[in-house]
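Data from work.txt: compact mmCIF, C-alpha atoms
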```txt
# COMPACT_ATOMS: atom_id res chain seq x y z
CA LEU A 1308 -24.02 18.02 -3.38
CA ALA A 1309 -27.63 16.97 -2.69
CA SER A 1310 -27.85 19.58 0.07
CA LEU A 1311 -26.30 22.41 -1.96
CA VAL A 1312 -28.63 22.11 -4.96
CA LEU A 1313 -31.59 22.63 -2.63
CA PHE A 1314 -30.55 26.27 -2.40
CA ILE A 1315 -31.15 26.70 -6.13
CA GLN A 1316 -34.63 28.11 -6.83
CA THR A 1317 -35.84 27.34 -3.33
CA ASP A 1318 -39.49 28.04 -4.20
CA THR A 1319 -39.99 26.24 -7.52
CA GLY A 1320 -36.74 24.26 -7.92
CA SER A 1321 -38.34 20.87 -7.29
CA SER A 1322 -40.34 21.17 -10.52
CA LYS A 1323 -37.56 22.63 -12.65
CA LEU A 1324 -34.56 21.12 -14.43
CA LEU A 1325 -31.94 23.57 -13.19
CA ARG A 1326 -31.16 21.67 -9.98
CA LEU A 1327 -30.73 18.38 -11.84
CA PHE A 1328 -28.64 20.06 -14.54
CA VAL A 1329 -26.27 21.68 -12.01
CA ALA A 1330 -25.99 18.45 -10.03
CA SER A 1331 -25.21 16.45 -13.20
CA VAL A 1332 -22.52 18.91 -14.32
CA VAL A 1333 -20.84 19.04 -10.90
CA SER A 1334 -20.97 15.24 -10.57
CA GLY A 1335 -19.52 14.78 -14.07
CA LEU A 1336 -16.69 17.25 -13.39
CA TYR A 1337 -15.89 15.56 -10.09
CA LEU A 1338 -15.78 12.16 -11.80
CA ALA A 1339 -13.35 13.56 -14.40
CA ALA A 1340 -11.21 15.07 -11.63
CA LEU A 1341 -11.08 11.71 -9.83
CA ALA A 1342 -9.99 9.91 -12.99
CA LEU A 1343 -7.26 12.46 -13.76
CA ALA A 1344 -5.92 13.29 -10.29
CA ARG A 1345 -6.14 9.74 -8.86
CA PRO A 1346 -5.98 11.04 -5.26
CA PHE A 1347 -6.17 7.60 -3.63
CA LYS A 1348 -3.10 5.48 -2.86
CA ARG A 1349 -4.99 2.21 -3.38
CA ASP A 1350 -6.51 1.44 -6.77
CA ASP A 1351 -9.46 -0.27 -5.08
CA ASP A 1352 -10.38 2.99 -3.33
CA LEU A 1353 -10.18 4.89 -6.61
CA TYR A 1354 -12.40 2.38 -8.43
CA LEU A 1355 -14.95 2.48 -5.62
CA ALA A 1356 -15.05 6.29 -5.61
CA CYS A 1357 -15.43 6.47 -9.41
CA THR A 1358 -18.16 3.82 -9.41
CA ALA A 1359 -20.12 5.59 -6.67
CA ASN A 1360 -19.88 8.91 -8.48
CA LEU A 1361 -20.90 7.31 -11.79
CA LEU A 1362 -24.00 5.86 -10.11
CA LEU A 1363 -24.80 9.30 -8.69
CA LEU A 1364 -24.45 10.88 -12.14
CA CYS A 1365 -26.78 8.25 -13.61
CA CYS A 1366 -29.36 9.06 -10.92
CA PHE A 1367 -29.31 12.76 -11.78
CA ILE A 1368 -29.64 12.03 -15.50
CA SER A 1369 -32.50 9.62 -14.81
CA GLY A 1370 -34.21 12.32 -12.75
CA THR A 1371 -33.90 14.68 -15.70
CA VAL A 1372 -35.59 12.12 -17.95
CA ILE A 1373 -38.50 11.69 -15.52
CA GLN A 1374 -38.85 15.44 -15.13
CA LEU A 1375 -39.09 15.92 -18.88
CA CYS A 1376 -41.68 13.18 -19.25
CA GLU A 1377 -43.85 14.57 -16.44
CA SER A 1378 -43.86 18.02 -18.01
CA ALA A 1379 -46.97 19.00 -19.98
CA ALA A 1380 -45.49 21.90 -21.89
CA TYR A 1381 -46.79 20.40 -25.15
CA ASP A 1382 -48.25 17.13 -26.43
CA ASN A 1383 -45.97 14.13 -26.92
CA MET A 1384 -43.10 16.00 -25.22
CA CYS A 1385 -41.84 12.81 -23.55
CA TYR A 1386 -41.75 10.87 -26.81
CA THR A 1387 -40.26 13.76 -28.79
CA LEU A 1388 -37.40 14.51 -26.39
CA VAL A 1389 -36.71 11.17 -24.71
CA GLY A 1390 -38.35 8.45 -26.77
CA PHE A 1391 -40.87 7.11 -24.23
CA ASP A 1392 -44.61 7.17 -24.78
CA SER A 1393 -45.39 8.26 -21.24
CA ALA A 1394 -43.89 9.23 -17.91
CA ARG A 1395 -44.74 5.73 -16.65
CA GLY A 1396 -42.52 4.15 -19.32
CA ALA A 1397 -39.67 6.51 -18.40
CA SER A 1398 -40.10 5.69 -14.72
CA GLU A 1399 -40.03 1.95 -15.40
CA PHE A 1400 -36.84 2.39 -17.43
CA VAL A 1401 -35.19 4.39 -14.64
CA ILE A 1402 -36.20 1.77 -12.04
CA ALA A 1403 -34.80 -1.03 -14.21
CA LEU A 1404 -31.56 0.92 -14.81
CA THR A 1405 -31.17 1.65 -11.09
CA ALA A 1406 -31.73 -2.01 -10.21
CA ALA A 1407 -29.17 -3.08 -12.82
CA MET A 1408 -26.59 -0.61 -11.47
CA LEU A 1409 -27.15 -1.78 -7.90
CA ALA A 1410 -26.87 -5.43 -8.98
CA ALA A 1411 -23.63 -4.69 -10.84
CA SER A 1412 -22.22 -2.87 -7.80
CA LEU A 1413 -23.21 -5.78 -5.55
CA LEU A 1414 -21.49 -8.25 -7.88
CA VAL A 1415 -18.31 -6.16 -7.82
CA VAL A 1416 -18.36 -6.06 -4.00
CA VAL A 1417 -18.95 -9.83 -3.81
CA PHE A 1418 -16.14 -10.48 -6.30
CA LYS A 1419 -13.72 -8.29 -4.35
CA THR A 1420 -14.73 -9.95 -1.09
CA VAL A 1421 -14.27 -13.46 -2.45
CA SER A 1422 -10.92 -12.48 -3.99
CA ALA A 1423 -9.76 -11.03 -0.68
CA VAL A 1424 -10.81 -14.18 1.19
CA ARG A 1425 -9.04 -16.45 -1.27
CA MET A 1426 -5.91 -14.29 -1.44
CA PRO A 1427 -3.09 -16.06 0.40
CA THR A 1428 -1.94 -14.21 3.50
CA ILE A 1429 0.73 -14.89 6.09
CA ARG A 1430 -0.45 -16.91 9.09
CA LEU A 1431 1.17 -18.32 12.20
CA ALA A 1432 2.46 -21.84 11.56
CA SER A 1433 1.60 -22.81 15.14
CA SER A 1434 -2.12 -21.95 14.95
CA GLY A 1435 -2.96 -21.08 11.35
CA ARG A 1436 -4.34 -17.72 12.48
CA PRO A 1437 -3.36 -14.30 11.09
CA PRO A 1438 -0.69 -12.57 13.19
CA VAL A 1439 -1.52 -9.67 15.50
CA LEU A 1440 -0.05 -6.45 14.09
CA GLU A 1441 0.22 -4.50 17.33
CA LEU A 1442 2.33 -1.34 17.38
CA PRO A 1443 4.19 0.32 20.26
CA PRO A 1444 2.27 3.41 21.46
CA GLU A 1445 5.00 5.75 20.20
CA CYS A 1446 5.03 4.35 16.64
CA HIS A 1447 2.66 4.61 13.68
CA PHE A 1448 4.49 2.23 11.31
CA HIS A 1449 5.58 -1.38 11.62
CA GLY A 1450 8.69 -0.73 9.57
CA PHE A 1451 10.73 1.97 7.82
CA ILE A 1452 12.41 0.72 4.64
CA SER A 1453 15.69 2.41 3.73
CA HIS A 1454 17.10 1.99 0.23
CA SER A 1455 19.24 3.55 -2.45
CA TRP A 1456 17.10 5.12 -5.17
CA GLY A 1457 19.60 4.22 -7.88
CA THR A 1458 19.94 0.48 -7.22
CA GLY A 1459 17.17 -0.56 -4.85
CA GLN A 1460 14.02 1.40 -5.60
CA ASP A 1461 12.21 -1.19 -7.75
CA GLN A 1462 13.01 -4.03 -5.35
CA THR A 1463 11.86 -2.14 -2.24
CA HIS A 1464 8.58 -1.19 -3.90
CA THR A 1465 8.00 -4.87 -4.63
CA VAL A 1466 8.88 -5.81 -1.05
CA VAL A 1467 6.43 -3.29 0.42
CA ARG A 1468 3.54 -3.98 -1.98
CA ARG A 1469 3.83 -7.75 -1.55
CA LEU A 1470 4.02 -7.43 2.24
CA GLN A 1471 0.91 -5.25 2.20
CA LEU A 1472 -0.91 -8.06 0.39
CA LEU A 1473 0.47 -10.85 2.56
CA LEU A 1474 0.00 -8.94 5.84
CA PRO A 1475 -3.25 -6.97 5.55
CA GLY A 1476 -3.02 -3.96 7.83
CA VAL A 1477 0.78 -3.74 7.94
CA ARG A 1478 2.13 -0.19 7.71
CA ILE A 1479 5.57 0.26 6.17
CA TRP A 1480 7.08 3.70 5.59
CA LEU A 1481 8.06 4.04 1.92
CA ASP A 1482 9.34 7.25 0.36
CA VAL A 1483 6.88 7.36 -2.57
CA ASP A 1484 3.95 6.90 -0.16
CA ASN A 1485 4.97 8.82 2.95
CA LEU A 1486 7.86 11.21 2.26
CA GLU A 1487 6.65 14.79 2.67
CA ASP A 1488 9.79 16.54 3.91
CA VAL A 1489 13.26 15.07 3.39
CA GLY A 1490 14.43 17.15 6.33
CA ARG A 1491 12.31 15.01 8.67
CA LEU A 1492 13.77 11.61 7.79
CA GLU A 1493 15.05 11.12 11.32
CA GLU A 1494 11.55 11.64 12.75
CA SER A 1495 10.13 9.13 10.29
CA VAL A 1496 12.69 6.49 11.28
CA ALA A 1497 11.80 6.97 14.96
CA ASP A 1498 8.10 6.65 14.09
CA ALA A 1499 8.60 3.04 12.91
CA MET A 1500 8.85 -0.08 15.06
CA SER A 1501 11.68 -1.62 13.00
CA PHE A 1502 14.25 -0.50 10.44
CA LEU A 1503 14.41 -2.44 7.16
CA VAL A 1504 17.70 -1.93 5.30
CA PHE A 1505 17.74 -2.90 1.63
CA LEU A 1506 21.43 -3.47 0.86
CA SER A 1507 22.42 -2.81 -2.75
CA ALA A 1508 25.44 -1.33 -4.52
CA GLY A 1509 26.00 2.28 -3.52
CA TYR A 1510 23.69 2.20 -0.52
CA PHE A 1511 26.30 3.36 1.99
CA ARG A 1512 27.52 6.08 -0.38
CA SER A 1513 24.13 7.82 -0.17
CA PHE A 1514 24.12 10.68 2.34
CA ASN A 1515 20.39 10.31 3.06
CA CYS A 1516 20.75 6.56 3.55
CA ARG A 1517 23.45 7.21 6.14
CA ARG A 1518 21.17 9.77 7.82
CA GLU A 1519 18.55 7.05 8.13
CA LEU A 1520 21.11 4.58 9.48
CA TYR A 1521 22.29 7.01 12.16
CA ALA A 1522 18.68 7.80 13.06
CA ALA A 1523 17.96 4.08 13.49
CA LEU A 1524 21.01 3.74 15.74
CA GLY A 1525 20.00 6.81 17.72
CA SER A 1526 16.44 5.59 18.26
CA ASN A 1527 17.67 2.03 18.89
CA ARG A 1528 15.43 0.47 16.25
CA PRO A 1529 16.00 -3.22 15.42
CA PHE A 1530 17.67 -3.68 12.04
CA ILE A 1531 16.23 -6.05 9.42
CA PRO A 1532 18.80 -6.23 6.60
CA ILE A 1533 17.65 -7.43 3.16
CA PHE A 1534 20.39 -8.27 0.71
CA GLU A 1535 20.26 -7.91 -3.10
CA ALA A 1536 22.73 -10.52 -4.37
CA ASP A 1537 22.16 -10.17 -8.12
CA ALA A 1538 24.77 -7.76 -9.52
CA ALA A 1539 22.72 -7.37 -12.70
CA LYS A 1540 19.90 -5.93 -10.58
CA GLY A 1541 22.02 -3.50 -8.60
CA GLY A 1542 23.35 -5.97 -6.05
CA ALA A 1543 26.82 -6.64 -4.70
CA SER A 1544 28.50 -9.24 -2.55
CA LEU A 1545 28.41 -8.89 1.21
CA ALA A 1546 32.17 -8.34 1.24
CA VAL A 1547 31.82 -5.40 -1.17
CA LEU A 1548 28.96 -3.91 0.83
CA GLN A 1549 30.90 -4.26 4.07
CA ALA A 1550 33.89 -2.50 2.51
CA GLU A 1551 31.58 0.24 1.25
CA CYS A 1552 30.17 0.64 4.75
CA ARG A 1553 33.61 0.87 6.32
CA GLU A 1554 34.67 3.47 3.75
CA ASN A 1555 31.62 5.75 3.97
CA CYS A 1556 30.13 5.44 7.46
CA VAL A 1557 32.84 7.61 9.01
CA GLU A 1558 30.94 10.71 10.15
CA THR A 1559 31.95 12.09 13.52
CA ALA A 1560 29.08 12.65 15.97
CA PRO A 1561 26.24 12.71 13.42
CA PRO A 1562 23.30 14.84 14.68
CA ALA A 1563 20.92 11.88 14.93
CA TYR A 1564 23.44 9.79 16.92
CA PRO A 1565 26.20 11.89 18.52
CA SER A 1566 27.69 8.88 20.34
CA TYR A 1567 28.47 7.04 17.10
CA SER A 1568 31.75 5.18 17.55
CA GLY A 1569 32.65 4.50 13.92
CA PRO A 1570 32.24 1.98 11.09
CA ASP A 1571 32.70 -1.05 13.34
CA GLU A 1572 29.49 -0.20 15.19
CA MET A 1573 27.59 0.14 11.93
CA LEU A 1574 28.98 -3.12 10.58
CA ALA A 1575 27.94 -4.92 13.74
CA ARG A 1576 24.36 -3.61 13.60
CA VAL A 1577 23.81 -4.12 9.89
CA PHE A 1578 25.71 -7.32 9.13
CA GLU A 1579 26.35 -9.16 12.39
CA GLU A 1580 23.35 -8.57 14.65
CA ALA A 1581 21.13 -10.64 12.31
CA GLU A 1582 21.98 -12.47 9.12
CA PRO A 1583 20.90 -10.46 6.06
CA ILE A 1584 17.87 -11.91 4.28
CA VAL A 1585 18.66 -12.73 0.66
CA TRP A 1586 16.15 -11.12 -1.69
CA VAL A 1587 15.06 -13.57 -4.38
CA ARG A 1588 12.54 -12.40 -6.95
CA VAL A 1589 11.42 -15.77 -8.40
CA ASN A 1590 7.98 -17.13 -7.40
CA ALA A 1591 8.12 -19.39 -4.33
CA PHE A 1592 11.64 -18.22 -3.45
CA GLN A 1593 10.43 -14.61 -3.27
CA LEU A 1594 7.71 -15.73 -0.89
CA GLU A 1595 10.34 -17.23 1.41
CA SER A 1596 12.22 -13.91 1.46
CA LEU A 1597 9.01 -12.04 2.31
CA LYS A 1598 8.09 -14.53 5.03
CA ALA A 1599 11.51 -14.04 6.62
CA VAL A 1600 11.06 -10.25 6.62
CA ALA A 1601 7.56 -10.54 8.08
CA LEU A 1602 8.71 -12.94 10.79
CA ARG A 1603 11.47 -10.60 11.95
CA MET A 1604 9.08 -7.65 12.09
CA LEU A 1605 6.64 -9.69 14.16
CA LEU A 1606 9.41 -10.79 16.53
CA HIS A 1607 10.02 -7.13 17.38
CA SER A 1608 6.34 -6.30 17.97
CA PRO A 1609 5.19 -5.70 21.57
CA PHE A 1610 2.50 -8.39 21.29
CA TYR A 1611 4.91 -11.23 20.45
CA ALA A 1612 7.70 -9.94 22.68
CA SER A 1613 5.74 -11.47 25.55
CA ARG A 1614 4.53 -14.45 23.50
CA PRO A 1615 7.63 -15.72 21.62
CA ALA A 1616 6.33 -19.32 21.65
CA GLU A 1617 3.62 -18.37 19.14
CA LEU A 1618 6.32 -17.55 16.59
CA ALA A 1619 8.58 -20.51 17.42
CA ASP A 1620 7.32 -22.46 14.39
CA GLY A 1621 7.58 -19.45 12.10
CA VAL A 1622 4.97 -18.26 9.62
CA MET A 1623 3.32 -19.87 6.61
CA VAL A 1624 1.08 -19.04 3.66
CA PRO A 1625 -1.76 -21.43 2.75
CA GLY A 1626 -0.94 -23.21 -0.51
CA GLN A 1627 2.77 -22.51 -0.32
CA ALA A 1628 5.22 -25.01 -1.75
CA GLY A 1629 6.21 -27.58 0.84
CA PRO A 1630 9.59 -29.25 1.48
CA VAL A 1631 10.88 -31.39 -1.37
CA ALA A 1632 13.61 -33.96 -1.59
CA PHE A 1633 15.16 -36.35 -4.09
CA SER A 1634 13.85 -39.89 -3.81
CA GLY A 1635 17.30 -41.40 -4.20
CA PRO A 1636 21.00 -40.60 -4.57
CA VAL A 1637 21.72 -37.83 -7.08
CA THR A 1638 25.01 -37.00 -8.81
CA ILE A 1639 25.52 -33.32 -9.63
CA LEU A 1640 28.14 -32.43 -12.24
CA VAL A 1641 29.70 -29.00 -11.73
```
Hey, can you dump this file as structure tokens for me?
Amino acid sequence: LASLVLFIQTDTGSSKLLRLFVASVVSGLYLAALALARPFKRDDDLYLACTANLLLLCCFISGTVIQLCESAAYDNMCYTLVGFDSARGASEFVIALTAAMLAASLLVVVFKTVSAVRMPTIRLASSGRPPVLELPPECHFHGFISHSWGTGQDQTHTVVRRLQLLLPGVRIWLDVDNLEDVGRLEESVADAMSFLVFLSAGYFRSFNCRRELYAALGSNRPFIPIFEADAAKGGASLAVLQAECRENCVETAPPAYPSYSGPDEMLARVFEEAEPIVWVRVNAFQLESLKAVALRMLLHSPFYASRPAELADGVMVPGQAGPVAFSGPVTILV
């Protein structure tokens, strides 16, 4: 923007208001477009972009004020149009306003930095250090999360957003963030290091969910099953889900995995290869579910494949609730 306005009135533009007026209008329109379109995935990025553009708009308006006060078109022009007695007073006001804006921006950056430092994140229990989030060279995501839109969408969004906070830098493929072409689901599954399956009622009845399952089998991705147990939230028992799998996963030679041998193979990979992680949505219990998901993803990373001892003690979050026990014998009436 600063470069483009220089082409307006190239001879006398520096002493005119047209450049500042055009710059202010364009900056204001761009700020409005940012607020309405919200093109950034992260709210922090959006706030930073809007703040930067607001500061730029204030600079252009301040320049307009100084330009008016330095003009000598008629006596008392500065006071009549702006309210300052002289150009010096206008300049002092602009300097004070600029300093205040910079101080406010600095305070926001400091606040965000302190909040990020204090925010609890997953660390290795063995060393207390953040885990290394290395990816295989052929993958761009640490995990692909597969779910049924009807019964698992809200839960999977919570899983992904919480993992992004607990594991800064983790990349998990989620439909609302990354789906551009439903015809390329198989490619997206292969582009992830692990395959997270969120098991809820109706999952195996979904054609696209089965496409993702076959793609994970075909690309030999490790399965990380997450199990919604609350029927009121779209869950079902493991027995019901296994029956649903046996009933629906019956395609013959699916394109993504032509050597598919039938429901028994799917049951073994989803339910028997690793115990499904129970999804619990209540406070400290939810954290335990998320830690279990994160630990399994890390176990399949190339960095820890050669260093399994570093994950032998599991993962922890500073400030998490520790083990508790009754101090004496307890009788529970059922």
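Counting all atoms listed in the file and comparing A:Leu1486, A:Tyr1567, A:Cys1365, A:Ala1543, the residue that lies closest to A:Ala1406 is A:Cys1365.
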Between stretch 1560-1631 of chain A and stretch 1501-1506 of chain A, at 10 Å or less, what are the per-residue closest atom pairs and their distances in Å? Count all atoms listed in the file, order by chain and rising residue number, and return it as a tab-separated table.
```
residue	atom	partner	partner_atom	distance
A:Val1577	CA	A:Val1504	CA	7.9
A:Pro1583	CA	A:Leu1506	CA	8.7
A:Ile1584	CA	A:Phe1505	CA	9.4
A:Val1585	CA	A:Leu1506	CA	9.7
A:Trp1586	CA	A:Phe1505	CA	9.0
A:Val1600	CA	A:Leu1503	CA	8.5
A:Arg1603	CA	A:Ser1501	CA	9.0
A:Met1604	CA	A:Ser1501	CA	6.6
A:Leu1605	CA	A:Ser1501	CA	9.6
A:His1607	CA	A:Ser1501	CA	7.2
A:Ser1608	CA	A:Ser1501	CA	8.7
```
Fewer than 2 positions away in the same chain doesn't count, so skip those; otherwise give me all residues within 10 Å of A:Gln1460, counting all atoms listed in the file, as a ChimeraX atom specification.
/A:1453-1458,1462-1466,1481-1483,1505,1507,1541
Just the residues within 10 Å of A:Arg1469, please, counting only C-alpha atoms, with nothing from its chain fewer than 6 positions along; format it as a list in words.
Thr1463, Gln1593, Leu1594 and Leu1597 of chain A
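If you measure from each of A:Ala1410, A:Ala1508, A:Cys1516, A:Val1589 to A:Phe1534 using all atoms listed in the file, the closest one turns out to be A:Ala1508.
Within 10 Å of A:Asn1527, once all atoms listed in the file are used and residues closer than 2 positions along the same chain are dropped, the contacting residues are A:Ala1497, A:Met1500, A:Ser1501, A:Phe1502, A:Tyr1521, A:Ala1522, A:Ala1523, A:Leu1524, A:Gly1525, A:Pro1529, A:Phe1530, A:Tyr1564.
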Spatial sel., origin (-37.1, 12.6, -18.9), limit 10 Å, all atoms listed in the file, listed as a short mmCIF file (atom, residue, chain, number, x, y, z; two decimals) with C-alpha atoms, in the frame of the given file:
```cif
data_model
loop_
_atom_site.label_atom_id
_atom_site.label_comp_id
_atom_site.auth_asym_id
_atom_site.auth_seq_id
_atom_site.Cartn_x
_atom_site.Cartn_y
_atom_site.Cartn_z
CA LEU A 1324 -34.56 21.12 -14.43
CA ILE A 1368 -29.64 12.03 -15.50
CA SER A 1369 -32.50 9.62 -14.81
CA GLY A 1370 -34.21 12.32 -12.75
CA THR A 1371 -33.90 14.68 -15.70
CA VAL A 1372 -35.59 12.12 -17.95
CA ILE A 1373 -38.50 11.69 -15.52
CA GLN A 1374 -38.85 15.44 -15.13
CA LEU A 1375 -39.09 15.92 -18.88
CA CYS A 1376 -41.68 13.18 -19.25
CA GLU A 1377 -43.85 14.57 -16.44
CA SER A 1378 -43.86 18.02 -18.01
CA MET A 1384 -43.10 16.00 -25.22
CA CYS A 1385 -41.84 12.81 -23.55
CA TYR A 1386 -41.75 10.87 -26.81
CA LEU A 1388 -37.40 14.51 -26.39
CA VAL A 1389 -36.71 11.17 -24.71
CA GLY A 1390 -38.35 8.45 -26.77
CA PHE A 1391 -40.87 7.11 -24.23
CA SER A 1393 -45.39 8.26 -21.24
CA ALA A 1394 -43.89 9.23 -17.91
CA ALA A 1397 -39.67 6.51 -18.40
CA SER A 1398 -40.10 5.69 -14.72
CA VAL A 1401 -35.19 4.39 -14.64
#
```
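The spacing separating atom CA of A:Val1477 from atom CA of A:Asn1515 amounts to 24.6 Å.
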One decimal, in Å: what's the spacing between atom CA of A:Leu1355 and atom CA of A:Ile1429?
26.2 Å
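What separates atom CA of A:Asn1555 from atom CA of A:Arg1512 is a distance of 6.0 Å.
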From A:Leu1338, A:Leu1472, A:Cys1357, A:Leu1363, residue lying nearest A:Met1426 [all atoms listed in the file]:
A:Leu1472
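Neighbours of stretch 1629-1635 of chain A closer than or equal to 12 Å, with all atoms listed in the file counted and sequence neighbours fewer than 4 positions away skipped, come out as Ala1591, Phe1592, Glu1595, Met1623, Val1624 and Pro1625 of chain A.
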Counting only C-alpha atoms, note down every residue that has an atom within 12 Å of the point (24.4, 11.2, 12.5) (file coordinates), as a ChimeraX atom specification.
/A:1492-1493,1514-1526,1556-1569,1573
Include C-alpha atoms and write out the residues we just selected as an mmCIF file, in the coordinates of the input.
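The resulting out_1.cif:
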```
data_model
loop_
_atom_site.group_PDB
_atom_site.id
_atom_site.type_symbol
_atom_site.label_atom_id
_atom_site.label_comp_id
_atom_site.auth_asym_id
_atom_site.auth_seq_id
_atom_site.Cartn_x
_atom_site.Cartn_y
_atom_site.Cartn_z
ATOM 1 C CA LEU A 1492 13.770 11.610 7.790
ATOM 2 C CA GLU A 1493 15.050 11.120 11.320
ATOM 3 C CA PHE A 1514 24.120 10.680 2.340
ATOM 4 C CA ASN A 1515 20.390 10.310 3.060
ATOM 5 C CA CYS A 1516 20.750 6.560 3.550
ATOM 6 C CA ARG A 1517 23.450 7.210 6.140
ATOM 7 C CA ARG A 1518 21.170 9.770 7.820
ATOM 8 C CA GLU A 1519 18.550 7.050 8.130
ATOM 9 C CA LEU A 1520 21.110 4.580 9.480
ATOM 10 C CA TYR A 1521 22.290 7.010 12.160
ATOM 11 C CA ALA A 1522 18.680 7.800 13.060
ATOM 12 C CA ALA A 1523 17.960 4.080 13.490
ATOM 13 C CA LEU A 1524 21.010 3.740 15.740
ATOM 14 C CA GLY A 1525 20.000 6.810 17.720
ATOM 15 C CA SER A 1526 16.440 5.590 18.260
ATOM 16 C CA CYS A 1556 30.130 5.440 7.460
ATOM 17 C CA VAL A 1557 32.840 7.610 9.010
ATOM 18 C CA GLU A 1558 30.940 10.710 10.150
ATOM 19 C CA THR A 1559 31.950 12.090 13.520
ATOM 20 C CA ALA A 1560 29.080 12.650 15.970
ATOM 21 C CA PRO A 1561 26.240 12.710 13.420
ATOM 22 C CA PRO A 1562 23.300 14.840 14.680
ATOM 23 C CA ALA A 1563 20.920 11.880 14.930
ATOM 24 C CA TYR A 1564 23.440 9.790 16.920
ATOM 25 C CA PRO A 1565 26.200 11.890 18.520
ATOM 26 C CA SER A 1566 27.690 8.880 20.340
ATOM 27 C CA TYR A 1567 28.470 7.040 17.100
ATOM 28 C CA SER A 1568 31.750 5.180 17.550
ATOM 29 C CA GLY A 1569 32.650 4.500 13.920
ATOM 30 C CA MET A 1573 27.590 0.140 11.930
#
```
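Among the candidates A:Arg1588, A:Ile1533, A:Glu1579, A:Arg1430, the residue lying nearest to A:Pro1475 is A:Arg1430 (atoms considered: all atoms listed in the file).
When only C-alpha atoms are used to compute distances to A:Val1496, the closest of the residues A:Ala1407, A:Leu1325, A:Leu1362, A:Ile1479 turns out to be A:Ile1479.
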3 Å per side around stretch 1560-1566 of chain A: axis-aligned box centre and edge lengths, as lines of an AutoDock Vina configuration file:
```
center_x = 25.0
center_y = 11.9
center_z = 16.9
size_x = 14.2
size_y = 12.0
size_z = 12.9
```
